[in-house]
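> Structure below; questions to follow.
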Amino acid sequence: MSEVFEQEFHIRWSDLDPNMHMRHTAYGDLGAATRFAYLNSLGFTMKKFAELKIGPIIFTENLSYMAEVLPGDRVKVNVRISGLSKAGHKWKMHQEFFRVSDGKLAATLDITGAWFDVVQRKVSKPPEILHEKMEALPKTDGFELL
């Protein structure tokens, strides 16, 4: 199993809500940034996806909060795979958001999605190399075959 991919972010003014803690949509933004950074690290850039004529689509996002993230905090966001179909066209990912200052788990984000053929406009099997990279992503303890 490979090392869990993670990124660190500084919470900006634009990430806050009127209660002065991180707004719910900022979690989704940082989660997506981390997922795409992981894909970029594997050579799957936006340009590569355009060449392949595929891209990820999201069916569900489930965000759970455990602790506040406040202005000026830093968070580490990781990504692991929690489910994958045999052909690789459908997947589930699990992400955790930790406060850097104390290591406390602040939130989790669970996502279900698929690879989408932008020409045929339907869910499709990814290229074999992408499927292999998804299979190599560290798995959650509750990983399931979809």
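As shown in the structure tokens, the chain order sets the letters A, B, ...; within each chain, residues go from 1, and ligands are also counted from 1 in the order they appear.
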Going by DSSP on the backbone, which residues of range 7-127 of chain A come out as helix (DSSP H, G or I)? List them as a ChimeraX atom specification.

/A:13-15,24-41,46-52

> Compile a residue-level contact table for range 45-97 of chain A against range 125-140 of chain A at a cut-off of 6 Å, reporting for every qualifying residue the shortest atom pair and its distance in Å to one decimal, with only C-alpha atoms counted, rows ordered by chain and ascending number, as a Markdown table.


| residue | atom | partner | partner_atom | distance |
| --- | --- | --- | --- | --- |
| A:Arg80 | CA | A:Pro138 | CA | 5.2 |
| A:Ile81 | CA | A:Lys139 | CA | 4.8 |
| A:Ser82 | CA | A:Thr140 | CA | 5.2 |
| A:Gly88 | CA | A:His131 | CA | 5.5 |
| A:His89 | CA | A:Lys125 | CA | 4.5 |

> Just the number, please: distance in Å from CA of Val69 in chain A to CA of Asp141 in chain A, one decimal.

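The value is 26.1 Å.
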
> Report, in Å to a single decimal, how far apart CA of Glu144 in chain A and CA of Gln95 in chain A are.

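We find that CA of Gln95 in chain A and CA of Glu144 in chain A lie 15.8 Å from each other.
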
> Give me the residues near range 108-122 of chain A as a PyMOL selection string, where near means some atom within 10 Å (using only C-alpha atoms) and where sequence neighbours in that chain fewer than 4 positions away do not count.

chain A and resi 27-28+31+49-50+52-66+77-85+88-98+126-127
